[in-house]
Every structure is written in C-alpha cells, then in structure tokens.
file final36.pdb (PDB, C-alpha atoms, pLDDT in the B column)
ATOM      1  CA  MET A  10      -5.829  32.334  -9.875  1.00 34.00           C
ATOM      2  CA  PRO A  11      -8.265  33.174  -7.057  1.00 34.00           C
ATOM      3  CA  HIS A  12     -10.150  30.385  -5.341  1.00 36.00           C
ATOM      4  CA  ARG A  13     -13.612  31.023  -3.977  1.00 33.00           C
ATOM      5  CA  ALA A  14     -15.502  29.345  -1.192  1.00 34.00           C
ATOM      6  CA  PRO A  15     -18.632  27.515  -2.381  1.00 34.00           C
ATOM      7  CA  ALA A  16     -21.429  29.930  -3.217  1.00 32.00           C
ATOM      8  CA  ALA A  17     -24.206  29.961  -0.653  1.00 31.00           C
ATOM      9  CA  ALA A  18     -26.716  29.165  -3.384  1.00 30.00           C
ATOM     10  CA  GLY A  19     -24.891  25.938  -4.073  1.00 33.00           C
ATOM     11  CA  LEU A  20     -25.230  24.581  -0.555  1.00 32.00           C
ATOM     12  CA  HIS A  21     -28.631  23.124  -1.394  1.00 32.00           C
ATOM     13  CA  ILE A  22     -26.774  20.390  -3.246  1.00 32.00           C
ATOM     14  CA  LEU A  23     -25.536  18.737  -0.064  1.00 34.00           C
ATOM     15  CA  ARG A  24     -28.744  19.468   1.813  1.00 32.00           C
ATOM     16  CA  ARG A  25     -30.488  16.874  -0.321  1.00 38.00           C
ATOM     17  CA  VAL A  26     -28.706  14.128   1.597  1.00 41.00           C
ATOM     18  CA  PRO A  27     -28.673  13.474   5.356  1.00 45.00           C
ATOM     19  CA  ALA A  28     -26.462  15.745   7.444  1.00 43.00           C
ATOM     20  CA  GLN A  29     -23.994  12.905   8.122  1.00 45.00           C
ATOM     21  CA  ALA A  30     -23.503  12.330   4.385  1.00 46.00           C
ATOM     22  CA  ALA A  31     -23.023  16.040   3.735  1.00 49.00           C
ATOM     23  CA  SER A  32     -20.407  16.153   6.477  1.00 53.00           C
ATOM     24  CA  TYR A  33     -18.644  13.148   4.932  1.00 53.00           C
ATOM     25  CA  PHE A  34     -18.334  14.797   1.518  1.00 61.00           C
ATOM     26  CA  ALA A  35     -17.155  18.088   3.068  1.00 67.00           C
ATOM     27  CA  ASN A  36     -14.709  16.627   5.633  1.00 83.00           C
ATOM     28  CA  GLU A  37     -11.618  18.854   5.742  1.00 89.00           C
ATOM     29  CA  ARG A  38      -9.215  16.087   6.896  1.00 90.00           C
ATOM     30  CA  ALA A  39      -6.842  18.579   8.505  1.00 94.00           C
ATOM     31  CA  ASP A  40      -5.227  15.811  10.578  1.00 93.00           C
ATOM     32  CA  LEU A  41      -4.302  13.891   7.437  1.00 95.00           C
ATOM     33  CA  VAL A  42      -3.059  16.902   5.473  1.00 97.00           C
ATOM     34  CA  GLN A  43      -0.663  17.651   8.353  1.00 95.00           C
ATOM     35  CA  ARG A  44       1.171  14.393   7.699  1.00 96.00           C
ATOM     36  CA  LEU A  45       1.773  14.982   3.983  1.00 98.00           C
ATOM     37  CA  PRO A  46       5.410  15.413   2.913  1.00 97.00           C
ATOM     38  CA  ARG A  47       6.281  18.900   1.674  1.00 98.00           C
ATOM     39  CA  PRO A  48       6.360  20.394  -0.867  1.00 98.00           C
ATOM     40  CA  LEU A  49       2.926  19.224  -2.031  1.00 98.00           C
ATOM     41  CA  GLY A  50       3.392  20.407  -5.610  1.00 98.00           C
ATOM     42  CA  ARG A  51       0.611  19.220  -7.914  1.00 98.00           C
ATOM     43  CA  VAL A  52      -2.055  17.360  -5.939  1.00 98.00           C
ATOM     44  CA  LEU A  53      -4.574  14.802  -7.188  1.00 98.00           C
ATOM     45  CA  ASP A  54      -7.412  14.210  -4.726  1.00 98.00           C
ATOM     46  CA  VAL A  55      -9.099  10.942  -5.708  1.00 98.00           C
ATOM     47  CA  GLY A  56     -12.605  10.820  -4.280  1.00 96.00           C
ATOM     48  CA  CYS A  57     -12.433  14.530  -3.510  1.00 97.00           C
ATOM     49  CA  GLY A  58     -16.095  14.884  -2.468  1.00 95.00           C
ATOM     50  CA  ALA A  59     -16.853  18.582  -1.973  1.00 95.00           C
ATOM     51  CA  ALA A  60     -13.094  19.315  -1.665  1.00 96.00           C
ATOM     52  CA  GLY A  61     -13.056  19.779   2.098  1.00 95.00           C
ATOM     53  CA  PRO A  62      -9.242  19.392   2.401  1.00 97.00           C
ATOM     54  CA  ALA A  63      -8.605  22.113  -0.204  1.00 97.00           C
ATOM     55  CA  VAL A  64      -8.277  24.952   2.305  1.00 96.00           C
ATOM     56  CA  HIS A  65      -5.563  23.072   4.216  1.00 97.00           C
ATOM     57  CA  LEU A  66      -3.819  21.955   1.039  1.00 98.00           C
ATOM     58  CA  ARG A  67      -3.645  25.566  -0.185  1.00 98.00           C
ATOM     59  CA  ALA A  68      -2.332  26.707   3.187  1.00 97.00           C
ATOM     60  CA  ALA A  69       0.358  24.005   2.980  1.00 98.00           C
ATOM     61  CA  GLY A  70       1.515  25.337  -0.392  1.00 98.00           C
ATOM     62  CA  ALA A  71      -0.205  23.135  -2.976  1.00 98.00           C
ATOM     63  CA  GLU A  72       0.506  24.562  -6.437  1.00 98.00           C
ATOM     64  CA  TRP A  73      -2.411  22.885  -8.200  1.00 98.00           C
ATOM     65  CA  ILE A  74      -5.230  20.700  -6.910  1.00 98.00           C
ATOM     66  CA  GLU A  75      -7.155  18.412  -9.227  1.00 98.00           C
ATOM     67  CA  GLY A  76     -10.012  16.226  -8.069  1.00 98.00           C
ATOM     68  CA  VAL A  77     -11.839  13.087  -9.171  1.00 98.00           C
ATOM     69  CA  GLU A  78     -15.296  12.390  -7.719  1.00 97.00           C
ATOM     70  CA  PHE A  79     -17.851   9.731  -8.610  1.00 95.00           C
ATOM     71  CA  GLU A  80     -20.890  11.618  -7.267  1.00 94.00           C
ATOM     72  CA  PRO A  81     -21.902  14.620  -9.437  1.00 96.00           C
ATOM     73  CA  GLU A  82     -23.464  16.716  -6.670  1.00 95.00           C
ATOM     74  CA  PRO A  83     -20.459  17.101  -4.330  1.00 94.00           C
ATOM     75  CA  ALA A  84     -18.269  17.435  -7.438  1.00 96.00           C
ATOM     76  CA  GLU A  85     -20.170  20.622  -8.317  1.00 96.00           C
ATOM     77  CA  LEU A  86     -19.153  22.142  -4.994  1.00 95.00           C
ATOM     78  CA  ALA A  87     -15.574  20.920  -5.459  1.00 97.00           C
ATOM     79  CA  ARG A  88     -15.323  22.950  -8.662  1.00 97.00           C
ATOM     80  CA  GLU A  89     -15.540  26.109  -6.561  1.00 95.00           C
ATOM     81  CA  ARG A  90     -12.391  25.111  -4.653  1.00 96.00           C
ATOM     82  CA  LEU A  91     -10.197  23.097  -7.009  1.00 98.00           C
ATOM     83  CA  ASP A  92      -8.352  23.901 -10.221  1.00 98.00           C
ATOM     84  CA  ALA A  93     -10.000  21.022 -12.084  1.00 98.00           C
ATOM     85  CA  VAL A  94     -12.581  18.366 -11.226  1.00 98.00           C
ATOM     86  CA  HIS A  95     -13.454  15.189 -13.144  1.00 98.00           C
ATOM     87  CA  VAL A  96     -16.661  13.253 -12.524  1.00 98.00           C
ATOM     88  CA  GLY A  97     -16.829   9.482 -12.904  1.00 97.00           C
ATOM     89  CA  ASP A  98     -14.926   6.270 -12.204  1.00 96.00           C
ATOM     90  CA  ALA A  99     -11.457   7.180 -10.916  1.00 97.00           C
ATOM     91  CA  THR A 100      -9.943   3.958 -12.256  1.00 97.00           C
ATOM     92  CA  GLU A 101     -10.921   5.039 -15.761  1.00 97.00           C
ATOM     93  CA  ILE A 102     -10.217   8.765 -15.354  1.00 98.00           C
ATOM     94  CA  VAL A 103      -6.783   8.809 -13.711  1.00 98.00           C
ATOM     95  CA  PRO A 104      -4.929   7.221 -16.675  1.00 98.00           C
ATOM     96  CA  THR A 105      -6.308   9.958 -18.981  1.00 98.00           C
ATOM     97  CA  LEU A 106      -5.186  12.970 -16.925  1.00 98.00           C
ATOM     98  CA  ASP A 107      -2.590  15.362 -18.268  1.00 96.00           C
ATOM     99  CA  GLY A 108       0.799  15.731 -16.640  1.00 96.00           C
ATOM    100  CA  ARG A 109       2.200  14.164 -13.508  1.00 98.00           C
ATOM    101  CA  PHE A 110       1.378  14.717  -9.859  1.00 98.00           C
ATOM    102  CA  ASP A 111       3.502  15.088  -6.751  1.00 98.00           C
ATOM    103  CA  THR A 112       0.869  14.204  -4.140  1.00 98.00           C
ATOM    104  CA  PHE A 113      -1.987  11.699  -4.386  1.00 98.00           C
ATOM    105  CA  LEU A 114      -4.810  11.550  -1.852  1.00 98.00           C
ATOM    106  CA  CYS A 115      -7.073   8.508  -1.483  1.00 98.00           C
ATOM    107  CA  TYR A 116      -9.092   9.315   1.623  1.00 96.00           C
ATOM    108  CA  ASP A 117     -11.934   6.819   2.209  1.00 93.00           C
ATOM    109  CA  VAL A 118     -11.878   5.634  -1.394  1.00 95.00           C
ATOM    110  CA  LEU A 119     -10.347   2.177  -1.747  1.00 97.00           C
ATOM    111  CA  GLU A 120     -12.997   0.465   0.374  1.00 94.00           C
ATOM    112  CA  HIS A 121     -15.628   1.461  -2.207  1.00 92.00           C
ATOM    113  CA  LEU A 122     -13.892  -0.319  -5.120  1.00 94.00           C
ATOM    114  CA  THR A 123     -14.264  -3.932  -6.153  1.00 93.00           C
ATOM    115  CA  ASP A 124     -10.577  -3.979  -7.082  1.00 97.00           C
ATOM    116  CA  PRO A 125      -8.509  -0.966  -5.920  1.00 97.00           C
ATOM    117  CA  ARG A 126      -5.181  -2.141  -7.345  1.00 98.00           C
ATOM    118  CA  PRO A 127      -5.738  -0.774 -10.904  1.00 98.00           C
ATOM    119  CA  LEU A 128      -6.382   2.670  -9.443  1.00 98.00           C
ATOM    120  CA  LEU A 129      -3.162   2.592  -7.417  1.00 98.00           C
ATOM    121  CA  GLU A 130      -1.254   1.380 -10.471  1.00 98.00           C
ATOM    122  CA  ALA A 131      -2.728   4.183 -12.579  1.00 98.00           C
ATOM    123  CA  ALA A 132      -1.686   6.703  -9.932  1.00 98.00           C
ATOM    124  CA  ARG A 133       1.829   5.239  -9.905  1.00 98.00           C
ATOM    125  CA  ALA A 134       2.032   5.728 -13.667  1.00 98.00           C
ATOM    126  CA  LYS A 135       1.096   9.396 -13.216  1.00 98.00           C
ATOM    127  CA  ALA A 136       3.501   9.990 -10.340  1.00 98.00           C
ATOM    128  CA  ALA A 137       6.347  12.472 -10.605  1.00 98.00           C
ATOM    129  CA  GLY A 138       9.694  11.434  -9.180  1.00 96.00           C
ATOM    130  CA  GLY A 139       9.476  11.134  -5.412  1.00 97.00           C
ATOM    131  CA  ALA A 140       5.687  11.584  -5.415  1.00 98.00           C
ATOM    132  CA  SER A 141       3.690  10.722  -2.298  1.00 98.00           C
ATOM    133  CA  LEU A 142       0.533   8.655  -1.916  1.00 98.00           C
ATOM    134  CA  HIS A 143      -1.593   9.064   1.218  1.00 98.00           C
ATOM    135  CA  ILE A 144      -4.414   6.624   1.966  1.00 98.00           C
ATOM    136  CA  SER A 145      -7.048   6.388   4.688  1.00 96.00           C
ATOM    137  CA  VAL A 146      -9.348   3.355   5.006  1.00 96.00           C
ATOM    138  CA  PRO A 147     -11.620   1.789   7.634  1.00 93.00           C
ATOM    139  CA  ASN A 148      -9.661  -0.587   9.832  1.00 94.00           C
ATOM    140  CA  ALA A 149     -10.978  -4.158   9.610  1.00 90.00           C
ATOM    141  CA  ARG A 150      -9.200  -5.018  12.857  1.00 90.00           C
ATOM    142  CA  PHE A 151     -11.080  -2.402  14.903  1.00 89.00           C
ATOM    143  CA  PHE A 152     -12.274  -4.084  18.096  1.00 86.00           C
ATOM    144  CA  ALA A 153     -15.916  -2.997  17.656  1.00 85.00           C
ATOM    145  CA  LEU A 154     -16.214  -5.058  14.482  1.00 85.00           C
ATOM    146  CA  THR A 155     -14.911  -8.192  16.199  1.00 87.00           C
ATOM    147  CA  ARG A 156     -17.180  -7.503  19.166  1.00 90.00           C
ATOM    148  CA  ASP A 157     -20.262  -7.308  16.967  1.00 84.00           C
ATOM    149  CA  LEU A 158     -19.339 -10.444  15.017  1.00 86.00           C
ATOM    150  CA  VAL A 159     -18.565 -12.544  18.096  1.00 88.00           C
ATOM    151  CA  PHE A 160     -21.056 -11.307  20.656  1.00 89.00           C
ATOM    152  CA  ARG A 161     -23.889  -9.861  18.587  1.00 91.00           C
ATOM    153  CA  GLY A 162     -23.776 -12.127  15.557  1.00 91.00           C
ATOM    154  CA  THR A 163     -23.890  -9.280  13.042  1.00 88.00           C
ATOM    155  CA  PHE A 164     -21.489  -7.426  10.804  1.00 85.00           C
ATOM    156  CA  GLY A 165     -23.383  -4.293  11.782  1.00 80.00           C
ATOM    157  CA  TYR A 166     -23.631  -2.267   8.579  1.00 86.00           C
ATOM    158  CA  THR A 167     -24.801   1.334   9.027  1.00 81.00           C
ATOM    159  CA  PRO A 168     -25.667   4.141   6.557  1.00 80.00           C
ATOM    160  CA  PHE A 169     -22.409   5.986   7.347  1.00 74.00           C
ATOM    161  CA  GLY A 170     -19.224   5.490   9.312  1.00 77.00           C
ATOM    162  CA  HIS A 171     -16.906   2.539   9.927  1.00 81.00           C
ATOM    163  CA  ARG A 172     -19.240  -0.026   8.374  1.00 74.00           C
ATOM    164  CA  ASP A 173     -20.884   2.054   5.686  1.00 84.00           C
ATOM    165  CA  THR A 174     -23.236  -0.027   3.531  1.00 81.00           C
ATOM    166  CA  THR A 175     -21.297   1.063   0.419  1.00 84.00           C
ATOM    167  CA  HIS A 176     -17.990  -0.466   1.576  1.00 87.00           C
ATOM    168  CA  LEU A 177     -17.010  -3.351  -0.699  1.00 88.00           C
ATOM    169  CA  ARG A 178     -13.485  -4.067   0.554  1.00 92.00           C
ATOM    170  CA  TRP A 179     -11.901  -4.329   4.012  1.00 93.00           C
ATOM    171  CA  PHE A 180      -8.264  -3.859   5.005  1.00 95.00           C
ATOM    172  CA  THR A 181      -6.043  -4.618   7.947  1.00 93.00           C
ATOM    173  CA  ARG A 182      -2.649  -2.911   8.144  1.00 94.00           C
ATOM    174  CA  ARG A 183      -0.910  -5.855   6.501  1.00 95.00           C
ATOM    175  CA  ASP A 184      -3.495  -6.135   3.739  1.00 97.00           C
ATOM    176  CA  LEU A 185      -3.214  -2.438   2.882  1.00 98.00           C
ATOM    177  CA  GLU A 186       0.570  -2.492   2.871  1.00 98.00           C
ATOM    178  CA  ALA A 187       0.589  -5.538   0.573  1.00 98.00           C
ATOM    179  CA  LEU A 188      -1.872  -3.890  -1.820  1.00 98.00           C
ATOM    180  CA  VAL A 189       0.112  -0.662  -2.077  1.00 98.00           C
ATOM    181  CA  THR A 190       3.464  -2.426  -2.470  1.00 98.00           C
ATOM    182  CA  GLY A 191       2.019  -4.695  -5.141  1.00 97.00           C
ATOM    183  CA  ALA A 192       0.900  -1.638  -7.105  1.00 98.00           C
ATOM    184  CA  GLY A 193       4.478  -0.347  -7.328  1.00 98.00           C
ATOM    185  CA  TRP A 194       4.679   2.043  -4.368  1.00 98.00           C
ATOM    186  CA  MET A 195       7.090   1.939  -1.419  1.00 98.00           C
ATOM    187  CA  VAL A 196       5.438   2.217   2.000  1.00 98.00           C
ATOM    188  CA  THR A 197       7.095   4.799   4.250  1.00 98.00           C
ATOM    189  CA  GLU A 198       4.558   5.070   7.087  1.00 96.00           C
ATOM    190  CA  SER A 199       1.638   2.939   8.258  1.00 95.00           C
ATOM    191  CA  ARG A 200      -0.231   3.986  11.377  1.00 91.00           C
ATOM    192  CA  PRO A 201      -3.597   4.206  13.137  1.00 89.00           C
ATOM    193  CA  THR A 202      -5.412   7.441  12.377  1.00 82.00           C
ATOM    194  CA  ALA A 203      -7.051   8.004  15.744  1.00 68.00           C
ATOM    195  CA  THR A 204      -6.506   5.500  18.542  1.00 51.00           C
ATOM    196  CA  LEU A 205      -9.210   5.758  21.198  1.00 46.00           C
ATOM    197  CA  ARG A 206      -7.925   8.366  23.656  1.00 46.00           C
ATOM    198  CA  ARG A 207      -8.828   6.470  26.806  1.00 48.00           C
ATOM    199  CA  ALA A 208      -6.740   3.523  25.654  1.00 48.00           C
ATOM    200  CA  GLY A 209      -3.771   5.446  24.273  1.00 51.00           C
ATOM    201  CA  PHE A 210      -1.579   4.357  27.185  1.00 49.00           C
ATOM    202  CA  LEU A 211      -1.560   0.832  25.704  1.00 50.00           C
ATOM    203  CA  GLU A 212       0.425   1.900  22.637  1.00 53.00           C
ATOM    204  CA  GLY A 213       3.794   1.808  24.423  1.00 54.00           C
ATOM    205  CA  PRO A 214       3.431  -1.524  26.254  1.00 50.00           C
ATOM    206  CA  THR A 215       2.109  -3.225  23.117  1.00 45.00           C
ATOM    207  CA  ARG A 216       4.747  -1.618  20.843  1.00 52.00           C
ATOM    208  CA  GLY A 217       2.055   0.015  18.734  1.00 59.00           C
ATOM    209  CA  LEU A 218      -0.033  -3.109  18.253  1.00 64.00           C
ATOM    210  CA  ALA A 219      -2.909  -1.671  20.286  1.00 69.00           C
ATOM    211  CA  GLY A 220      -3.541   0.857  17.526  1.00 76.00           C
ATOM    212  CA  GLU A 221      -4.520  -1.939  15.167  1.00 83.00           C
ATOM    213  CA  PHE A 222      -7.442  -2.780  17.449  1.00 79.00           C
ATOM    214  CA  LEU A 223      -8.301   0.642  18.855  1.00 84.00           C
ATOM    215  CA  SER A 224      -8.405   2.851  15.759  1.00 87.00           C
ATOM    216  CA  PRO A 225     -11.494   2.737  13.489  1.00 89.00           C
ATOM    217  CA  THR A 226      -9.388   3.919  10.552  1.00 92.00           C
ATOM    218  CA  TRP A 227      -5.896   3.270   9.262  1.00 94.00           C
ATOM    219  CA  GLN A 228      -3.637   5.528   7.194  1.00 95.00           C
ATOM    220  CA  LEU A 229      -0.675   4.763   5.002  1.00 98.00           C
ATOM    221  CA  LEU A 230       1.928   6.952   3.328  1.00 98.00           C
ATOM    222  CA  ALA A 231       3.930   5.706   0.348  1.00 98.00           C
ATOM    223  CA  THR A 232       6.386   7.108  -2.165  1.00 98.00           C
ATOM    224  CA  ALA A 233       7.097   6.580  -5.854  1.00 96.00           C
ATOM    225  CA  ALA A 234      10.852   6.783  -5.256  1.00 73.00           C
TER     226      ALA A 234
END

call {"tool": "encode", "arguments": {"input": "final36.pdb", "output": "structure tokens"}}
result
Amino acid sequence: MPHRAPAAAGLHILRRVPAQAASYFANERADLVQRLPRPLGRVLDVGCGAAGPAVHLRAAGAEWIEGVEFEPEPAELARERLDAVHVGDATEIVPTLDGRFDTFLCYDVLEHLTDPRPLLEAARAKAAGGASLHISVPNARFFALTRDLVFRGTFGYTPFGHRDTTHLRWFTRRDLEALVTGAGWMVTESRPTATLRRAGFLEGPTRGLAGEFLSPTWQLLATAA
C-alpha cells in the first residue's frame, strides 16, 4: 500500500509545542536504524512519536511498521506514515497486538516509565523467532551530569534533552543490560550512541570505557533467540 508524507495541513499539530519538542517527536533516528539487523520484517515502534524513523525503515526493507504512542497529537501524524498506530500506555497496548514482530524499537521510551520491565517482557512475548530489540536511553554516567551534581549542586533538569523533566528512570550501561536480560532478551551489542567527537581518541586507550562518560545517550541491541 502507498505511504504518504504527513499532509501540510496536519503540521499545525506539532506547531502547538515548542520547536525542540516538535523536533523530538519527528526525529528520524537514521543513525540508529543503520544498526538494526536485517531483514527488519514486521516492526513495532514503541513510542513512535510522529514516526520520524519510518522513511529509513521503509528504505531498509521493513514489511510492516506499527507504532504505539502515548501522546495523541504526534500519533495523528504517525498515522500518515505507518501501517497502524495505537494511542495510549504501551505497557497495556503491546500485549493486545495481533501477530508477532521481528524488530522492536524503544527509542527514548524506557526513561519515561515508572517500571519498564513489564513493557520489555510484553515485547518478548510478541517476538518472532530471532527478533531484535533496539533501545536508546539517556546515559546516567554522562560526565555533564556528574559535573552538575558535584560542582553545581543541581541535577539540572531541563524541558528537553538529556535531563528532560519527564524522565522518571535513569540507566547506566550495566543497569540497562541487567534490565533487558531480566526481561528475557539476550544482549548482543551495548554501546555509546555518540561519543563527543573531540574526545573520541580516548576510546582506544580506555578500551571503550570513555564512551560511558562521554556519550549523553546509550544504545543496546538484543535478540529473542
């Protein structure tokens, strides 16, 4: 079936919120989609926002893309790009979905949940054999957070970004790996998303440890095998 870009008339939906928020909901995440195992098969994008990654998922061969989004307004835009969109609490919705999925995306989602494990367990129950789970979360070990706590005496919440005021949970690499493993998945890759370029030379001498301090976000890939 054909897939249309969002109608121009619908763009007013995201103009109701600040430009940074609109950008967040429409983020294409091309760098993350590149790391997904192929074939993508049936994709479930949990926290799909306005379905920014859809264009890259289609280009990579996704057969079907289904989304779950808590906020109704970006979900309306997502309907123009995805095969199906569900609005509401993902932890409640995912167990009710039809069929199984080959690729699960949880980009900037888990940090907004009081308890993310039930969602990951529900996804595992809906996983086809050999399915992949790809997660991106703010990195609690990012040096700027420690700097602000130690030298400025503040956690430093902001409306958007690394310390978004809506973040309820925080993860280091080890914490995220333990959560995903405990939910029945097998971790295959765990890495910084974007180590600060000027400090990239430290990755080798520190055997990758520098990334845990120099990347504001962390990503993890797991399989249902």

call {"tool": "residues_around", "arguments": {"input": "final36.pdb", "residues": "Glu85 of chain A", "least_positions_apart": "3", "cutoff": "10 Å", "atoms": "all atoms listed in the file", "output": "PyMOL selection string"}}
result
chain A and resi 15+19+22+58-60+78+80-82+88-90+94-96

call {"tool": "write_last_selection", "arguments": {"input": "final36.pdb", "atoms": "C-alpha atoms", "output": "CSV table (one decimal), in the coordinates of the input"}}
result
chain,number,residue,atom,x,y,z
A,15,PRO,CA,-18.6,27.5,-2.4
A,19,GLY,CA,-24.9,25.9,-4.1
A,22,ILE,CA,-26.8,20.4,-3.2
A,58,GLY,CA,-16.1,14.9,-2.5
A,59,ALA,CA,-16.9,18.6,-2.0
A,60,ALA,CA,-13.1,19.3,-1.7
A,78,GLU,CA,-15.3,12.4,-7.7
A,80,GLU,CA,-20.9,11.6,-7.3
A,81,PRO,CA,-21.9,14.6,-9.4
A,82,GLU,CA,-23.5,16.7,-6.7
A,88,ARG,CA,-15.3,23.0,-8.7
A,89,GLU,CA,-15.5,26.1,-6.6
A,90,ARG,CA,-12.4,25.1,-4.7
A,94,VAL,CA,-12.6,18.4,-11.2
A,95,HIS,CA,-13.5,15.2,-13.1
A,96,VAL,CA,-16.7,13.3,-12.5

call {"tool": "resolve_selection", "arguments": {"input": "final36.pdb", "expression": "the PyMOL selection byres ((chain A and resi 191-196) around 6)", "output": "PyMOL selection string"}}
result
chain A and resi 129-130+187-190+197-198+231-233

call {"tool": "residues_around", "arguments": {"input": "final36.pdb", "residues": "Glu120 of chain A", "least_positions_apart": "2", "cutoff": "6 Å", "atoms": "all atoms listed in the file", "output": "MDAnalysis selection string"}}
result
chainID A and resid 118 122 176:178

call {"tool": "closest_residue", "arguments": {"input": "final36.pdb", "among": "A:Asp124, A:Cys57, A:Gly50, A:Arg109", "to": "Gly97 of chain A", "atoms": "all atoms listed in the file"}}
result
A:Cys57

call {"tool": "atom_distance", "arguments": {"input": "final36.pdb", "atom1": "atom CA of Arg44 of chain A", "atom2": "atom CA of Pro201 of chain A"}}
result
12.5 Å

call {"tool": "residues_around", "arguments": {"input": "final36.pdb", "residues": "segment 183-185 of chain A", "least_positions_apart": "4", "cutoff": "10 Å", "atoms": "all atoms listed in the file", "output": "PyMOL selection string"}}
result
chain A and resi 119+144-146+148-149+179+189-191+196+199+227-229

call {"tool": "residues_near_point", "arguments": {"input": "final36.pdb", "point": "(-17.4, 2.0, 12.9)", "cutoff": "10 Å", "atoms": "all atoms listed in the file", "output": "ChimeraX atom specification"}}
result
/A:147-149,151-154,165-167,169-173,224-226

call {"tool": "atom_distance", "arguments": {"input": "final36.pdb", "atom1": "atom CA of Cys115 of chain A", "atom2": "atom CA of Val55 of chain A"}}
result
5.3 Å

call {"tool": "resolve_selection", "arguments": {"input": "final36.pdb", "expression": "the PyMOL selection byres ((chain A and resi 73) around 10)", "output": "list in words"}}
result
Leu49, Gly50, Arg51, Val52, Leu53, Leu66, Arg67, Gly70, Ala71, Glu72, Ile74, Glu75, Leu91, Asp92, Ala93, Phe110 and Asp111 of chain A

call {"tool": "resolve_selection", "arguments": {"input": "final36.pdb", "expression": "the PyMOL selection byres ((chain A and resi 108) around 9)", "output": "list in words"}}
result
Leu106, Asp107, Arg109, Phe110, Lys135, Ala136 and Ala137 of chain A

call {"tool": "atom_distance", "arguments": {"input": "final36.pdb", "atom1": "atom CA of Ala140 of chain A", "atom2": "atom CA of Val42 of chain A"}}
result
14.9 Å
